[in-house]
Amino acid sequence: MLRMSFLEHLEELRMRLIKALLGLGVAFMLSLTFCMQLWDIIRAPAFDAMTKLGIKDPHLVIIDPMENFMIIWFKLPLVVSLFLGAPWIGYQIWAFIAPGLYKKERRWAIPFVLTTAGLFIMGGMFAYFVAFRYGLAFLLGIGLSGGVQPMVTVTNYFDLFVDVMLGVALVFEMPIVIFFLTLLRIASPRWLMANSRYAILAIVILAAIVTPTPDAFTLMLFAVPMCLLYFVGVFAGYLLVMKREGRKFPWAKVLLWTGVVLLALAGFVYFEVAHYHYHLIRHWPFLKK
């Protein structure tokens, strides 16, 4: 384990921050060259929601001449650069904490970087394809029955988009946080499981804050994946504890039972499609006559 003074830690932190910002700068310049294509992707949920609600001529509006420039040519590439630069930022975080780890623990650098960046990107994808679309459709549809015509500004739409995307993406880092709490012996899987009811309560409260709509369905849409991520983090911590104690996890049995469950699920889907004339669709409930 390396020995570093307090000033050396500060110097290391400064160097890592500068490198992370340089990486973000490169990602920002790359995003800047595809601004209009990226904007087409980001505004797609608004147009889809308006079209499904039966709104004629769906579009976003501006009330300030600078809105388009600030959103499309500055804020948009900045947000995209956070997702593009996630692996690089994850590596800089690992490089900063690596001197405080044992040599055998530093071998986890690649899994840490890939998992951290992967969870962050997966959180953004879940927010974009599922959570944000359902929430936006609910919000826009509230006043339609009362004769209210939605007129959404570019700034308000983009701010809501960023809040949901980054909020969900950060929440998806929960397994990493739990793993490091176990690694640093601040918490144990046994303690986390014993207090899981309080964790679930905290997750539901956090989901209520992050959720852009007040309905229970969207709340559960956020809360259920967050609870699953919590238990994934506890499981990762459990694997770490087993490795410390020299024990092995029975992967063969787990994979066998997982395969049995997947085969049963596939058989159920085939039975529904073949005998009851269901067909697969891309959204919930995934089977429809």
# chains A, B, ... in the order shown; residues from 1 in each chain; ligands from 1
$ residues_around --residues "region 122-124 of chain A" --least-positions-apart "5" --cutoff "9 Å" --atoms "only C-alpha atoms" --output "ChimeraX atom specification"
/A:83,117,129,164-173
$ residues_around --residues "His59 (chain A)" --least-positions-apart "6" --cutoff "12 Å" --atoms "only C-alpha atoms" --output "PyMOL selection string"
chain A and resi 40+43-51+149-154+157
$ residues_around --residues "Ile41 (chain A)" --least-positions-apart "6" --cutoff "12 Å" --atoms "only C-alpha atoms" --output "NGL selection string"
:A and (34-35 or 47-48 or 72 or 76 or 80 or 128-129 or 161)
$ write_last_selection --atoms "C-alpha atoms" --output "short mmCIF file (atom, residue, chain, number, x, y, z; two decimals), in the first residue's frame"
data_model
loop_
_atom_site.label_atom_id
_atom_site.label_comp_id
_atom_site.auth_asym_id
_atom_site.auth_seq_id
_atom_site.Cartn_x
_atom_site.Cartn_y
_atom_site.Cartn_z
CA PHE A 34 -23.58 16.14 -33.92
CA CYS A 35 -25.79 18.66 -32.12
CA PHE A 47 -43.23 14.35 -30.15
CA ASP A 48 -44.17 10.74 -29.40
CA ILE A 72 -28.88 22.82 -28.63
CA LEU A 76 -27.12 19.48 -24.93
CA VAL A 80 -24.12 14.09 -23.71
CA TYR A 128 -34.98 7.82 -21.80
CA PHE A 129 -36.87 4.76 -23.06
CA PHE A 161 -35.25 15.82 -19.43
#
$ closest_residue --among "A:Ile110, A:Met29, A:Leu60, A:Ala95" --to "Trp73 (chain A)" --atoms "only C-alpha atoms"
A:Met29
$ residues_around --residues "Phe222 (chain A)" --least-positions-apart "3" --cutoff "10 Å" --atoms "only C-alpha atoms" --output "PyMOL selection string"
chain A and resi 126-127+130-131+168+171+203-204+206-208+210-211+216-219+225-227
$ write_last_selection --atoms "C-alpha atoms" --output "compact mmCIF listing (two decimals), in the first residue's frame"
# COMPACT_ATOMS: atom_id res chain seq x y z
CA PHE A 126 -33.88 3.40 -18.70
CA ALA A 127 -34.82 7.03 -18.08
CA VAL A 130 -39.16 4.08 -20.09
CA ALA A 131 -39.41 6.50 -17.16
CA VAL A 168 -31.95 8.03 -12.67
CA VAL A 171 -29.40 6.24 -8.76
CA ILE A 203 -35.78 4.37 -1.93
CA VAL A 204 -39.52 5.02 -2.28
CA LEU A 206 -36.17 9.17 -3.21
CA ALA A 207 -38.21 7.83 -6.13
CA ALA A 208 -41.04 10.18 -5.19
CA VAL A 210 -37.06 12.02 -8.68
CA THR A 211 -40.38 11.04 -10.29
CA ALA A 216 -48.36 5.70 -8.24
CA PHE A 217 -47.60 3.83 -11.48
CA THR A 218 -44.68 6.10 -12.43
CA LEU A 219 -43.50 6.06 -8.81
CA PRO A 225 -35.60 -0.95 -10.35
CA MET A 226 -34.00 1.03 -7.51
CA CYS A 227 -34.91 -1.70 -5.01
$ atom_distance --atom1 "CA of Trp94 (chain A)" --atom2 "CA of Ile18 (chain A)"
14.7 Å
$ residues_around --residues "region 88-92 of chain A" --least-positions-apart "5" --cutoff "9 Å" --atoms "only C-alpha atoms" --output "list in words"
Arg16, Leu17, Lys19, Ala20, Leu21, Gly23, Leu24, Leu82, Ile97, Ala109, Ile110, Phe112, Val113, Leu114, Thr116 and Ala117 of chain A
$ atom_distance --atom1 "CA of Thr155 (chain A)" --atom2 "CA of Gly135 (chain A)"
17.4 Å
